[in-house]
Structure formats: C-alpha cells, structure tokens
$ cat work-v4.cif   # mmCIF, C-alpha atoms and all ligand atoms
data_protein
loop_
_atom_site.label_atom_id
_atom_site.label_comp_id
_atom_site.auth_asym_id
_atom_site.auth_seq_id
_atom_site.Cartn_x
_atom_site.Cartn_y
_atom_site.Cartn_z
CA MET A 1 13.32 94.14 7.64
CA THR A 2 13.02 90.90 5.65
CA GLY A 3 13.48 90.66 1.88
CA ALA A 4 9.71 90.31 1.52
CA ASP A 5 9.11 93.44 3.61
CA ALA A 6 11.64 95.38 1.59
CA LYS A 7 9.67 94.63 -1.55
CA GLN A 8 6.40 95.87 -0.14
CA GLY A 9 6.29 99.65 -0.63
CA ALA A 10 3.05 101.62 -0.22
CA THR A 11 0.44 98.95 -0.91
CA GLY A 12 3.06 96.32 -1.61
CA PRO A 13 2.54 92.65 -2.15
CA PRO A 14 2.27 89.97 0.52
CA THR A 15 4.45 87.96 -1.79
CA ASP A 16 7.48 85.76 -1.49
CA GLY A 17 8.57 86.37 -5.08
CA THR A 18 6.11 83.85 -6.50
CA PHE A 19 5.14 84.97 -10.00
CA GLY A 20 2.68 83.37 -12.42
CA VAL A 21 1.95 83.97 -16.10
CA TYR A 22 -1.57 83.44 -17.45
CA VAL A 23 -1.93 82.99 -21.23
CA HIS A 24 -5.42 83.19 -22.74
CA TRP A 25 -6.38 81.31 -25.92
CA PRO A 26 -9.80 82.71 -26.82
CA PHE A 27 -11.18 80.21 -29.34
CA CYS A 28 -13.54 77.21 -29.01
CA LEU A 29 -15.11 74.82 -31.51
CA SER A 30 -18.57 75.75 -30.23
CA LYS A 31 -20.00 77.92 -27.47
CA CYS A 32 -21.34 75.96 -24.49
CA PRO A 33 -24.70 77.40 -23.37
CA TYR A 34 -23.64 77.94 -19.74
CA CYS A 35 -20.27 79.58 -20.41
CA ASP A 36 -19.46 83.30 -20.18
CA PHE A 37 -15.70 82.99 -20.48
CA ASN A 38 -13.98 85.05 -23.18
CA SER A 39 -14.38 82.37 -25.85
CA HIS A 40 -15.20 82.79 -29.53
CA VAL A 41 -16.10 80.46 -32.38
CA ARG A 42 -14.50 81.13 -35.76
CA HIS A 43 -15.37 79.25 -38.92
CA ALA A 44 -12.19 80.15 -40.76
CA ALA A 45 -8.86 78.67 -39.63
CA ILE A 46 -7.03 80.69 -36.97
CA ASP A 47 -3.71 82.10 -38.14
CA GLN A 48 -1.68 80.62 -35.28
CA PRO A 49 1.76 81.89 -36.42
CA ARG A 50 0.32 85.43 -36.45
CA PHE A 51 -1.18 84.96 -32.97
CA LEU A 52 2.12 83.52 -31.76
CA ARG A 53 3.97 86.63 -32.92
CA ALA A 54 1.46 88.79 -31.06
CA PHE A 55 1.83 86.70 -27.88
CA GLU A 56 5.63 87.09 -28.16
CA THR A 57 5.26 90.85 -28.59
CA GLU A 58 2.97 91.21 -25.59
CA ILE A 59 5.25 89.05 -23.42
CA ALA A 60 8.22 91.29 -24.33
CA TRP A 61 6.20 94.44 -23.51
CA THR A 62 5.02 93.07 -20.16
CA ALA A 63 8.50 91.82 -19.22
CA ALA A 64 9.87 95.32 -19.86
CA ARG A 65 7.41 96.61 -17.23
CA ILE A 66 8.30 93.94 -14.66
CA PRO A 67 11.78 92.69 -15.48
CA GLY A 68 13.79 90.12 -13.58
CA ARG A 69 10.96 87.90 -12.39
CA VAL A 70 11.41 84.16 -11.93
CA VAL A 71 8.30 82.44 -13.29
CA SER A 72 6.97 79.82 -10.88
CA SER A 73 3.86 78.86 -12.86
CA ILE A 74 2.33 79.28 -16.30
CA PHE A 75 -1.31 78.55 -17.11
CA PHE A 76 -2.77 78.28 -20.62
CA GLY A 77 -6.49 78.93 -20.14
CA GLY A 78 -9.38 79.60 -22.42
CA GLY A 79 -11.35 79.26 -24.45
CA THR A 80 -9.84 76.00 -25.52
CA PRO A 81 -6.03 76.01 -25.39
CA SER A 82 -5.99 72.38 -26.57
CA LEU A 83 -6.88 73.78 -30.01
CA MET A 84 -3.42 75.36 -30.11
CA ALA A 85 -0.75 73.66 -32.16
CA PRO A 86 2.02 72.35 -29.88
CA GLU A 87 4.39 74.64 -31.83
CA THR A 88 2.34 77.68 -30.73
CA VAL A 89 2.55 76.56 -27.09
CA ALA A 90 6.29 75.90 -27.45
CA GLY A 91 6.82 79.35 -29.01
CA ILE A 92 5.01 81.07 -26.13
CA LEU A 93 6.99 79.12 -23.53
CA ASP A 94 10.24 80.04 -25.31
CA ALA A 95 9.26 83.73 -25.29
CA ILE A 96 8.47 83.59 -21.55
CA ALA A 97 11.85 81.94 -20.88
CA ARG A 98 13.65 84.56 -23.02
CA HIS A 99 12.16 87.57 -21.24
CA TRP A 100 11.98 86.28 -17.67
CA SER A 101 13.58 83.17 -16.26
CA THR A 102 11.49 80.09 -15.63
CA ALA A 103 12.08 78.21 -12.37
CA PRO A 104 13.33 74.65 -13.04
CA ASP A 105 10.34 73.21 -11.16
CA ALA A 106 7.76 75.60 -12.67
CA GLU A 107 4.23 74.23 -12.94
CA ILE A 108 3.08 74.61 -16.56
CA SER A 109 -0.63 73.80 -16.98
CA LEU A 110 -2.87 73.73 -20.02
CA GLU A 111 -6.67 73.50 -20.12
CA ALA A 112 -7.88 70.86 -22.55
CA ASN A 113 -11.24 69.76 -23.85
CA PRO A 114 -11.46 65.98 -23.59
CA THR A 115 -11.98 64.94 -27.20
CA SER A 116 -9.95 62.32 -28.99
CA VAL A 117 -8.58 64.87 -31.46
CA GLU A 118 -7.28 67.04 -28.68
CA ALA A 119 -5.78 64.09 -26.81
CA THR A 120 -3.60 63.39 -29.86
CA ARG A 121 -1.84 66.71 -29.20
CA PHE A 122 -0.97 65.90 -25.56
CA ARG A 123 2.45 64.44 -26.35
CA GLY A 124 3.36 67.54 -28.35
CA TYR A 125 2.41 69.74 -25.38
CA ARG A 126 4.55 67.57 -23.11
CA VAL A 127 7.52 67.99 -25.44
CA ALA A 128 6.85 71.76 -25.49
CA GLY A 129 7.19 71.83 -21.69
CA VAL A 130 3.63 71.50 -20.35
CA ASN A 131 3.66 69.30 -17.24
CA ARG A 132 0.05 69.43 -16.09
CA VAL A 133 -3.31 69.34 -17.87
CA SER A 134 -6.75 70.30 -16.65
CA LEU A 135 -9.52 68.60 -18.60
CA GLY A 136 -13.07 69.95 -18.89
CA VAL A 137 -14.92 66.66 -18.44
CA GLN A 138 -18.00 68.45 -16.95
CA ALA A 139 -20.16 65.29 -16.51
CA LEU A 140 -19.88 61.52 -16.75
CA ASP A 141 -23.39 61.13 -18.10
CA ASP A 142 -24.06 61.39 -21.85
CA ARG A 143 -27.48 62.99 -21.49
CA ALA A 144 -26.11 65.66 -19.18
CA LEU A 145 -23.19 66.26 -21.54
CA SER A 146 -25.54 66.81 -24.44
CA GLU A 147 -27.69 69.19 -22.35
CA LEU A 148 -24.49 71.09 -21.49
CA GLY A 149 -23.80 71.38 -25.23
CA ARG A 150 -20.59 69.40 -25.00
CA LEU A 151 -18.98 67.89 -28.07
CA HIS A 152 -17.71 64.74 -26.31
CA SER A 153 -19.26 61.67 -24.68
CA ALA A 154 -18.40 60.43 -21.20
CA ARG A 155 -16.42 57.53 -22.73
CA GLU A 156 -14.40 59.89 -24.89
CA ALA A 157 -13.71 62.13 -21.89
CA LEU A 158 -12.48 59.20 -19.80
CA ASP A 159 -10.30 58.05 -22.69
CA ALA A 160 -8.77 61.55 -22.80
CA VAL A 161 -8.20 61.34 -19.03
CA ALA A 162 -6.36 58.04 -19.59
CA VAL A 163 -4.15 59.66 -22.23
CA ALA A 164 -3.47 62.57 -19.85
CA ARG A 165 -2.53 60.07 -17.13
CA SER A 166 -0.03 58.35 -19.41
CA VAL A 167 1.53 61.54 -20.78
CA PHE A 168 1.66 64.02 -17.90
CA GLY A 169 2.97 63.74 -14.37
CA ARG A 170 -0.02 65.73 -13.14
CA TYR A 171 -3.59 66.11 -14.34
CA SER A 172 -6.92 67.35 -13.06
CA PHE A 173 -10.43 67.44 -14.43
CA ASP A 174 -13.48 69.64 -13.99
CA LEU A 175 -17.05 68.56 -13.33
CA ILE A 176 -20.14 70.74 -13.12
CA TYR A 177 -22.76 69.73 -10.56
CA ALA A 178 -26.15 71.05 -9.40
CA ARG A 179 -27.29 70.45 -12.97
CA PRO A 180 -31.00 70.33 -13.89
CA GLN A 181 -32.75 67.39 -12.20
CA GLN A 182 -29.57 66.11 -10.57
CA SER A 183 -30.25 64.31 -7.29
CA PRO A 184 -27.66 64.04 -4.50
CA GLN A 185 -27.71 60.23 -4.98
CA ALA A 186 -26.97 60.45 -8.70
CA TRP A 187 -24.23 63.03 -8.06
CA ALA A 188 -22.69 60.87 -5.33
CA ALA A 189 -22.42 57.94 -7.76
CA GLU A 190 -20.97 60.14 -10.52
CA LEU A 191 -18.47 61.73 -8.15
CA LYS A 192 -17.26 58.34 -6.90
CA THR A 193 -16.65 57.25 -10.50
CA ALA A 194 -14.77 60.50 -11.08
CA ILE A 195 -12.62 60.02 -7.99
CA ALA A 196 -11.65 56.55 -9.20
CA GLU A 197 -10.31 58.22 -12.36
CA ALA A 198 -8.71 61.20 -10.62
CA ALA A 199 -5.16 61.22 -9.34
CA GLU A 200 -4.46 64.24 -7.21
CA HIS A 201 -6.81 67.07 -8.14
CA LEU A 202 -10.45 67.72 -9.10
CA SER A 203 -12.32 70.99 -9.75
CA LEU A 204 -16.01 70.67 -8.90
CA TYR A 205 -18.12 73.68 -9.87
CA GLN A 206 -21.76 74.27 -9.00
CA LEU A 207 -23.62 75.21 -12.17
CA THR A 208 -24.00 79.00 -12.21
CA ILE A 209 -26.48 80.71 -14.48
CA GLU A 210 -24.35 83.47 -15.98
CA PRO A 211 -26.08 86.54 -17.43
CA GLU A 212 -26.20 86.81 -21.23
CA THR A 213 -25.73 83.08 -21.80
CA ARG A 214 -28.18 80.72 -23.53
CA PHE A 215 -28.80 79.05 -20.16
CA ALA A 216 -29.77 82.45 -18.69
CA ALA A 217 -32.40 82.92 -21.41
CA LEU A 218 -33.77 79.38 -20.92
CA HIS A 219 -33.74 79.82 -17.15
CA SER A 220 -35.66 83.08 -17.21
CA ALA A 221 -38.17 81.54 -19.66
CA GLY A 222 -38.74 78.69 -17.16
CA LYS A 223 -37.30 76.13 -19.60
CA LEU A 224 -34.27 75.30 -17.50
CA VAL A 225 -34.85 74.46 -13.86
CA ILE A 226 -31.85 74.13 -11.58
CA PRO A 227 -31.87 72.55 -8.11
CA ASP A 228 -33.44 74.70 -5.39
CA ASP A 229 -31.29 76.06 -2.54
CA ASN A 230 -31.88 73.07 -0.25
CA THR A 231 -30.97 70.54 -2.92
CA ALA A 232 -27.96 72.64 -3.95
CA ARG A 233 -26.83 72.61 -0.32
CA ASP A 234 -27.27 68.79 -0.16
CA LEU A 235 -25.23 68.48 -3.35
CA TYR A 236 -22.50 70.69 -1.87
CA ASP A 237 -22.45 68.71 1.40
CA THR A 238 -22.32 65.42 -0.54
CA THR A 239 -19.33 66.78 -2.47
CA GLN A 240 -17.41 67.74 0.68
CA GLU A 241 -18.17 64.44 2.40
CA ILE A 242 -17.19 62.15 -0.47
CA CYS A 243 -14.08 64.08 -1.45
CA GLY A 244 -12.94 64.44 2.16
CA ALA A 245 -13.31 60.69 2.73
CA ALA A 246 -11.35 60.01 -0.48
CA GLY A 247 -8.38 62.16 0.62
CA LEU A 248 -9.29 65.02 -1.74
CA PRO A 249 -10.43 67.77 0.63
CA ALA A 250 -11.39 71.20 -0.68
CA TYR A 251 -8.35 73.49 -0.50
CA GLU A 252 -10.48 76.17 -2.19
CA VAL A 253 -14.25 76.56 -2.53
CA SER A 254 -14.43 74.47 -5.75
CA ASN A 255 -11.02 72.82 -5.85
CA HIS A 256 -10.02 69.55 -4.24
CA ALA A 257 -6.57 68.03 -4.00
CA ARG A 258 -4.33 65.70 -2.12
CA VAL A 259 -2.03 67.63 0.21
CA GLY A 260 0.79 69.12 -1.87
CA ALA A 261 -1.05 68.61 -5.20
CA GLU A 262 -2.87 71.95 -5.25
CA CYS A 263 -2.76 73.92 -8.51
CA ARG A 264 0.15 76.24 -7.76
CA HIS A 265 -0.88 78.70 -10.44
CA ASN A 266 -4.38 79.20 -9.09
CA LEU A 267 -2.93 79.61 -5.59
CA VAL A 268 -1.10 82.68 -6.95
CA TYR A 269 -4.51 84.37 -7.49
CA TRP A 270 -6.00 83.30 -4.20
CA ARG A 271 -2.92 84.21 -2.17
CA GLY A 272 -2.74 87.68 -3.72
CA GLN A 273 0.62 87.09 -5.40
CA GLU A 274 1.85 88.66 -8.63
CA TYR A 275 0.85 87.47 -12.11
CA ALA A 276 0.93 88.70 -15.68
CA GLY A 277 -2.01 88.24 -18.05
CA ILE A 278 -1.10 87.67 -21.71
CA GLY A 279 -3.53 87.37 -24.63
CA PRO A 280 -7.07 88.61 -25.35
CA GLY A 281 -9.08 89.48 -22.24
CA ALA A 282 -6.35 88.40 -19.81
CA HIS A 283 -6.12 90.05 -16.39
CA GLY A 284 -2.93 90.67 -14.45
CA ARG A 285 -1.74 91.98 -11.09
CA LEU A 286 1.66 93.60 -11.46
CA ASP A 287 3.82 95.09 -8.71
CA ILE A 288 5.56 98.19 -10.05
CA ALA A 289 7.44 100.66 -7.86
CA GLY A 290 5.69 99.46 -4.73
CA GLN A 291 2.22 99.73 -6.20
CA ARG A 292 -0.12 97.03 -7.38
CA HIS A 293 -1.47 97.47 -10.89
CA ALA A 294 -4.66 95.71 -12.02
CA THR A 295 -4.35 95.17 -15.77
CA ALA A 296 -6.63 93.82 -18.50
CA THR A 297 -6.27 93.45 -22.24
CA GLU A 298 -8.73 93.92 -25.11
CA LYS A 299 -11.15 90.97 -25.15
CA ARG A 300 -12.02 90.60 -28.83
CA PRO A 301 -9.33 88.40 -30.38
CA GLU A 302 -8.95 90.24 -33.69
CA SER A 303 -9.01 93.67 -32.02
CA TRP A 304 -6.41 92.46 -29.51
CA LEU A 305 -4.27 91.18 -32.40
CA MET A 306 -4.45 94.53 -34.21
CA ARG A 307 -3.67 96.50 -31.06
CA VAL A 308 -0.64 94.34 -30.35
CA GLU A 309 0.54 94.66 -33.94
CA SER A 310 0.24 98.42 -33.91
CA LEU A 311 1.01 99.33 -30.27
CA GLY A 312 3.12 96.41 -29.04
CA HIS A 313 0.52 95.33 -26.45
CA GLY A 314 -3.21 94.77 -26.04
CA ASN A 315 -3.50 96.42 -22.65
CA ILE A 316 -6.61 98.58 -22.14
CA VAL A 317 -6.82 98.73 -18.33
CA ASP A 318 -3.99 99.66 -15.97
CA ASP A 319 -5.33 100.79 -12.60
CA VAL A 320 -3.23 101.33 -9.51
CA LEU A 321 -5.17 99.75 -6.66
CA THR A 322 -5.79 101.81 -3.55
CA ARG A 323 -4.88 100.39 -0.17
CA GLU A 324 -8.50 99.55 0.46
CA GLU A 325 -9.03 97.86 -2.91
CA ARG A 326 -5.87 95.85 -2.42
CA ALA A 327 -6.90 94.72 1.05
CA ASP A 328 -10.46 93.86 -0.04
CA GLU A 329 -9.13 91.76 -2.88
CA PHE A 330 -6.75 89.97 -0.52
CA LEU A 331 -9.68 89.13 1.78
CA LEU A 332 -12.07 88.14 -1.00
CA MET A 333 -9.57 85.80 -2.65
CA GLY A 334 -7.83 84.50 0.46
CA LEU A 335 -10.96 83.45 2.32
CA ARG A 336 -11.80 81.10 -0.56
CA LEU A 337 -8.87 78.99 0.61
CA ALA A 338 -9.05 76.42 3.40
CA GLU A 339 -5.73 77.87 4.66
CA GLY A 340 -7.43 81.29 4.99
CA ILE A 341 -5.47 84.54 5.40
CA ASP A 342 -2.81 85.94 7.66
CA VAL A 343 -4.65 88.66 9.60
CA ALA A 344 -1.43 90.65 10.08
CA VAL A 345 -0.92 90.85 6.31
CA TYR A 346 -4.51 92.02 5.81
CA GLU A 347 -4.11 94.68 8.49
CA LYS A 348 -0.84 95.86 7.00
CA LEU A 349 -2.43 96.17 3.57
CA SER A 350 -5.57 97.93 4.76
CA GLY A 351 -3.86 100.04 7.43
CA ARG A 352 -6.59 99.20 9.95
CA PRO A 353 -7.51 96.26 12.15
CA LEU A 354 -10.44 93.97 11.40
CA ASP A 355 -13.52 95.16 13.27
CA PRO A 356 -13.39 93.22 16.60
CA GLU A 357 -17.19 93.17 16.94
CA ARG A 358 -17.73 91.67 13.51
CA VAL A 359 -14.96 89.13 14.10
CA HIS A 360 -16.54 88.21 17.42
CA GLY A 361 -19.98 87.77 15.80
CA LEU A 362 -18.59 85.46 13.11
CA LEU A 363 -16.55 83.48 15.67
CA SER A 364 -19.58 83.00 17.90
CA HIS A 365 -21.58 81.58 14.96
CA ASP A 366 -18.66 79.24 14.18
CA PHE A 367 -18.38 80.74 10.68
CA ILE A 368 -14.68 81.55 11.11
CA GLN A 369 -11.79 80.56 13.36
CA ILE A 370 -8.47 82.25 14.13
CA ASP A 371 -5.52 80.09 15.11
CA ALA A 372 -2.63 80.87 17.44
CA GLY A 373 -0.47 81.87 14.46
CA GLY A 374 -2.99 84.58 13.48
CA ARG A 375 -4.53 82.86 10.45
CA LEU A 376 -8.22 83.45 9.93
CA ARG A 377 -10.08 80.61 8.20
CA VAL A 378 -13.67 80.10 7.16
CA THR A 379 -15.09 76.94 8.80
CA PRO A 380 -17.10 74.20 7.02
CA ALA A 381 -20.23 75.87 8.45
CA GLY A 382 -19.10 79.21 7.02
CA PHE A 383 -18.23 78.19 3.45
CA PRO A 384 -21.86 78.00 2.25
CA VAL A 385 -22.25 81.66 3.33
CA LEU A 386 -18.79 82.82 2.27
CA ASP A 387 -20.01 85.89 0.35
CA ALA A 388 -21.79 87.23 3.42
CA ILE A 389 -18.71 86.62 5.59
CA VAL A 390 -16.46 88.52 3.18
CA ALA A 391 -18.95 91.38 2.95
CA ASP A 392 -19.17 91.54 6.75
CA LEU A 393 -15.39 91.58 7.31
CA ALA A 394 -14.68 94.02 4.48
CA ALA A 395 -17.36 96.50 5.55
C1 LIG A 401 -12.50 78.11 -19.18
S1 LIG A 401 -13.60 76.89 -18.75
C2 LIG A 401 -13.13 75.48 -19.66
C3 LIG A 401 -12.05 75.05 -20.35
C4 LIG A 401 -12.34 74.19 -21.53
N1 LIG A 401 -12.67 75.01 -22.64
C5 LIG A 401 -13.50 73.23 -21.35
O1 LIG A 401 -14.63 73.59 -21.60
O2 LIG A 401 -13.23 72.08 -21.02
C6 LIG A 401 -13.14 76.35 -17.13
C7 LIG A 401 -14.20 75.59 -16.37
O3 LIG A 401 -15.17 76.45 -15.85
C8 LIG A 401 -16.34 75.69 -15.57
N2 LIG A 401 -17.50 76.52 -15.91
C9 LIG A 401 -17.64 77.35 -16.97
N3 LIG A 401 -18.86 77.95 -16.93
C10 LIG A 401 -19.48 77.49 -15.81
C11 LIG A 401 -20.77 77.73 -15.22
N4 LIG A 401 -21.64 78.57 -15.77
N5 LIG A 401 -21.07 77.10 -14.07
C12 LIG A 401 -20.19 76.26 -13.50
N6 LIG A 401 -18.98 75.98 -14.03
C13 LIG A 401 -18.63 76.60 -15.16
C14 LIG A 401 -16.27 74.42 -16.38
O4 LIG A 401 -16.14 73.31 -15.53
C15 LIG A 401 -15.02 74.61 -17.18
O5 LIG A 401 -14.30 73.42 -17.38
S1 LIG A 402 -16.89 75.76 -21.44
FE1 LIG A 402 -14.93 75.62 -22.49
S2 LIG A 402 -15.46 74.83 -24.55
FE2 LIG A 402 -17.33 75.56 -23.67
S3 LIG A 402 -17.49 77.66 -24.46
FE3 LIG A 402 -16.56 77.77 -22.39
S4 LIG A 402 -14.41 77.79 -22.76
FE4 LIG A 402 -15.37 77.06 -24.67
#

$ encode --input "work-v4.cif" --output "structure tokens"
Amino acid sequence: MTGADAKQGATGPPTDGTFGVYVHWPFCLSKCPYCDFNSHVRHAAIDQPRFLRAFETEIAWTAARIPGRVVSSIFFGGGTPSLMAPETVAGILDAIARHWSTAPDAEISLEANPTSVEATRFRGYRVAGVNRVSLGVQALDDRALSELGRLHSAREALDAVAVARSVFGRYSFDLIYARPQQSPQAWAAELKTAIAEAAEHLSLYQLTIEPETRFAALHSAGKLVIPDDNTARDLYDTTQEICGAAGLPAYEVSNHARVGAECRHNLVYWRGQEYAGIGPGAHGRLDIAGQRHATATEKRPESWLMRVESLGHGNIVDDVLTREERADEFLLMGLRLAEGIDVAVYEKLSGRPLDPERVHGLLSHDFIQIDAGGRLRVTPAGFPVLDAIVADLAA
C-alpha cells in the first residue's frame, strides 16, 4: 500500500498531499451586470482590521479540523481582493503559516481589478508574499468595457498588466468573449493583442448569462443579444486555434497556459484534491477521518463576520459526500482538464466500472480517448459537448 493509498479511507481522496487554501474577499467598487459571484458594494469604508481578525479566527478553526497540512497554494479571490490593504493580505498569510505550514514554493495568487489605484498596491502584495496575480481585464475595447460595466479603460488595464509584469514573477489575465455583436474576426484581433501582452497564462471565458443578474433581465427583455450557437462555436474554435498556435493551449475548458505555467491552485479543484475555503461564501473540500466533507460558509459579509465573532467560524454547510457524489464530482471536474482523469481512480471512488457501452459510444464518436496508461480525456471534438459527455458517463 502506498502512502497515498493509506490516506484514502472509505471515500478517500485521490490526492498526493496537495492542499490549497481559498480566501474570499467579498467586496467590489461596483457590481458588474454579468456577474453572479458573491460580491457586494458598500458605501461606507470596510473595517479591514476587524475582517482580518475574523479571517484569522476562521483559519484557526479550520486548521484545528485538518491539522498538519502543508499548503501548496493560496488563492485570494472575490469580489475584488485588490481592494484589500496589503497589511490585510499579509495578516492572512501569516495566520495560514502559523496554523499550517506553507511549502517554500507555494503559489500565492491574488485576483486584481486592473485600475491604476489597484496597481499601486501590487508591490505591497509582493512584499506580503503574493507571487502571482490574475487580472480581470475582460476586454481590450473601450466600448465593450463600458457595456460590461467596467470601471477601467483598455489602456488602464494594459498599464496594470505592465505593472503586474514588473512586480510579479507570474501573472495572468481574464477576458470575456462571445459578447454582444462580437464577430470572430474582431475577437481574433483582440485575442492576438492579448497574447502579445500575456506571459504564460490566460483565462478566456465565454459570456454566460447568469440568472438574477442585470444582464439576465436585459437578455430576457430582448435588449441584450448574445451570439447565436453557431457564432459562439466559431468564437470558441477561433480561441483554440489562435491560442494553440501561440503556445498557450487550453489545459482546462477556459484556461490556457504554457506547459508548466498552469494555475496550480485551480488544478487542486479540477484534480479533486483537498482545499479549505475561508471567508464569506467560500467552499471547501476537507478530508477528515477518511471522508470527504463539502463545506460552505455564510455568504453575506456582515452575517459571516458576526458568526465568526460569536461562534469562531462562519461555516453553515458541512456535508459528508457519498461515494457516488465524490465520484461524480471527480468526473465533472476532471474532464474539464486536457489531461483528463485516471479511470482507475474514478472506479475506486465510485466502486463500479464505467459503463463499457457508453464508453464505446463516446469513443466511436471521437468525443473521448483512453490512453495506454488508463487516462480518459475529452477530445477537441468532445469539448464543445462536455456537459453531455459528463452526464452520459456519470449516468
Ligand atoms: C471573481 S471574477 C473577477 C475578479 C475581479 N473582481 C474582476 O472583475 O476583475 C473572475 C472572472 O470571472 C469571469 N466572469 C464573471 N462573470 C462572468 C460571466 N457571466 N460570464 C463569463 N465570465 C464571467 C470574469 O472574467 C472575471 O474576471
Ligand atoms: S466581475 Fe469582478 S468586479 Fe465585477 S462584480 Fe464580479 S467580482 Fe466584482
């Protein structure tokens, strides 16, 4: 039995000891009309020292549940973490290092909005220990940025990218495509400009109309028209072609990187490894006594704060996943990756083999392939119908 096997238990993790910590900062300067993340606008100043104390408390509580971990990655997501004072970020990193140990080569990422004000804080984050930033550029076209409700221009975003390049060893930025009226030609030109500014990593998301957002209301009223399925497919194909040719292939449905420059923290989610979620509305997957716990905290920032201050944590969900749930999640997340999944791990988790007939059907349509080492991957032809493939295999 290997060390990894010994750790597995009943529905144990397919993990090699990799452990990530996600920290959620739930505030933004304004709410973008497409966004359904747990983000809130407050007109009064945020009491950051009070939030820091609550983050420290919740880290201590979580570490008591899963002691002894070595942290391989930390991700400050939001919301807008670049509204945090560098001292708040430093305090959280110190608390993580006090309660677990942090690997010397840990990846420590922070999501930033690309405004000039936020870029002035980058050096402070670097001193605090952040070694990678992910900037929400979203578009390189001022009209599109204003339609997306963004508070920055394309020039300002590229200036922030330049600051990130000079301060951090690693940086990435996000773009949203399949925007209203966007043609494949216009997107191709924008993407090539982006690639010229990118170093090792880009996240390229197709615009999704999320329920309960301002875009959802405009869309259902016919005031916001997004590309039809054929155009969306052309835009997707254009993305794969241009990024592949530039040495930035998709290692995940929406994430492109040079080999070895993948976001290690996000790989933790997609590979089904263990992570703690700290802060309002953060999710975690904790391995306790051989069982996988799915956790979530209170979403509303002030309610989370009060819960932590009175109870020592903001946790409101703590479900032990069944074998089946665990295996389904492994499949759903793992098939998003170009590297796919290890079929043997899936079968061990679920306690049953994949249905040979379904596998055969997907192989014969060239939607999946299985290599000699037993890894099952979705093919380029399969990625546009990924949801159907997952549903078929999980059924
Ligand atoms: C937590 S958000 C953003 C972080 C940061 N606050 C920002 O806006 O730059 C992470 C990313 O999700 C993407 N995103 C959010 N809502 C989306 C939507 N409805 N469709 C496509 N991408 C979306 C955006 O690219 C965004 O940068
Ligand atoms: S996209 Fe970013 S800035 Fe805009 S509301 Fe969402 S989290 Fe906040």

$ closest_residue --input "work-v4.cif" --among "A:Thr80, A:Thr57, A:Gln273, A:Thr18" --to "ligand LIG 402 (chain A)" --atoms "all atoms listed in the file"
A:Thr80

$ residues_near_ligand --input "work-v4.cif" --ligand "ligand LIG 401 (chain A)" --cutoff "9 Å" --atoms "only C-alpha atoms and all ligand atoms" --output "number ranges by chain"
A: 27-28, 32-39, 77-82, 111-114, 134-138, 150, 173-178, 203-210, 213, 215

$ residues_around --input "work-v4.cif" --residues "range 311-317 of chain A" --least-positions-apart "4" --cutoff "12 Å" --atoms "all atoms listed in the file" --output "PyMOL selection string"
chain A and resi 53-65+276-285+293-307+321

$ closest_residue --input "work-v4.cif" --among "A:Val41, A:Ala189, A:Ala381, A:Ala232" --to "ligand LIG 402 (chain A)" --atoms "all atoms listed in the file"
A:Val41

$ closest_residue --input "work-v4.cif" --among "A:Ser153, A:Ala186, A:Val308, A:Val127" --to "Phe51 in chain A" --atoms "all atoms listed in the file"
A:Val308

$ atom_distance --input "work-v4.cif" --atom1 "CA of Ile389 in chain A" --atom2 "CA of Ala245 in chain A"
26.6 Å

$ closest_residue --input "work-v4.cif" --among "A:Val21, A:Asp342, A:Pro380, A:Arg179" --to "Gln240 in chain A" --atoms "all atoms listed in the file"
A:Pro380

$ decode --input "work-v4.cif" --residues "range 21-39 of chain A" --atoms "N, CA and C atoms" --output "mmCIF file, in the first residue's frame"
data_model
loop_
_atom_site.group_PDB
_atom_site.id
_atom_site.type_symbol
_atom_site.label_atom_id
_atom_site.label_comp_id
_atom_site.auth_asym_id
_atom_site.auth_seq_id
_atom_site.Cartn_x
_atom_site.Cartn_y
_atom_site.Cartn_z
ATOM 1 N N VAL A 21 -5.559 26.641 -0.147
ATOM 2 C CA VAL A 21 -6.428 27.466 0.710
ATOM 3 C C VAL A 21 -7.014 28.571 -0.161
ATOM 4 N N TYR A 22 -8.353 28.643 -0.187
ATOM 5 C CA TYR A 22 -9.039 29.723 -0.913
ATOM 6 C C TYR A 22 -9.521 30.748 0.110
ATOM 7 N N VAL A 23 -9.251 32.025 -0.165
ATOM 8 C CA VAL A 23 -9.670 33.110 0.730
ATOM 9 C C VAL A 23 -10.563 34.053 -0.071
ATOM 10 N N HIS A 24 -11.792 34.264 0.400
ATOM 11 C CA HIS A 24 -12.725 35.100 -0.367
ATOM 12 C C HIS A 24 -12.847 36.499 0.219
ATOM 13 N N TRP A 25 -12.595 37.522 -0.628
ATOM 14 C CA TRP A 25 -12.835 38.916 -0.237
ATOM 15 C C TRP A 25 -14.085 39.370 -0.986
ATOM 16 N N PRO A 26 -15.167 39.672 -0.269
ATOM 17 C CA PRO A 26 -16.476 39.752 -0.933
ATOM 18 C C PRO A 26 -16.906 41.134 -1.420
ATOM 19 N N PHE A 27 -15.995 42.109 -1.454
ATOM 20 C CA PHE A 27 -16.420 43.471 -1.787
ATOM 21 C C PHE A 27 -15.898 43.921 -3.151
ATOM 22 N N CYS A 28 -16.708 44.764 -3.819
ATOM 23 C CA CYS A 28 -16.322 45.376 -5.100
ATOM 24 C C CYS A 28 -16.712 46.848 -5.068
ATOM 25 N N LEU A 29 -16.109 47.636 -5.945
ATOM 26 C CA LEU A 29 -16.475 49.055 -6.014
ATOM 27 C C LEU A 29 -17.828 49.246 -6.677
ATOM 28 N N SER A 30 -18.149 48.353 -7.631
ATOM 29 C CA SER A 30 -19.491 48.389 -8.237
ATOM 30 C C SER A 30 -19.800 46.975 -8.722
ATOM 31 N N LYS A 31 -21.083 46.720 -8.963
ATOM 32 C CA LYS A 31 -21.467 45.362 -9.364
ATOM 33 C C LYS A 31 -21.548 45.307 -10.887
ATOM 34 N N CYS A 32 -20.756 44.452 -11.499
ATOM 35 C CA CYS A 32 -20.793 44.314 -12.961
ATOM 36 C C CYS A 32 -22.087 43.576 -13.348
ATOM 37 N N PRO A 33 -22.721 43.990 -14.439
ATOM 38 C CA PRO A 33 -24.074 43.483 -14.731
ATOM 39 C C PRO A 33 -24.145 42.011 -15.139
ATOM 40 N N TYR A 34 -22.998 41.393 -15.416
ATOM 41 C CA TYR A 34 -22.987 39.985 -15.833
ATOM 42 C C TYR A 34 -22.636 39.052 -14.681
ATOM 43 N N CYS A 35 -22.228 39.619 -13.540
ATOM 44 C CA CYS A 35 -21.523 38.825 -12.515
ATOM 45 C C CYS A 35 -22.452 38.302 -11.429
ATOM 46 N N ASP A 36 -22.376 37.007 -11.137
ATOM 47 C CA ASP A 36 -23.154 36.465 -10.010
ATOM 48 C C ASP A 36 -22.249 35.894 -8.912
ATOM 49 N N PHE A 37 -21.007 36.349 -8.900
ATOM 50 C CA PHE A 37 -20.121 35.935 -7.804
ATOM 51 C C PHE A 37 -20.609 36.569 -6.493
ATOM 52 N N ASN A 38 -20.126 36.061 -5.374
ATOM 53 C CA ASN A 38 -20.529 36.607 -4.073
ATOM 54 C C ASN A 38 -19.770 37.920 -3.839
ATOM 55 N N SER A 39 -20.309 38.996 -4.448
ATOM 56 C CA SER A 39 -19.624 40.292 -4.371
ATOM 57 C C SER A 39 -20.636 41.358 -3.990
#
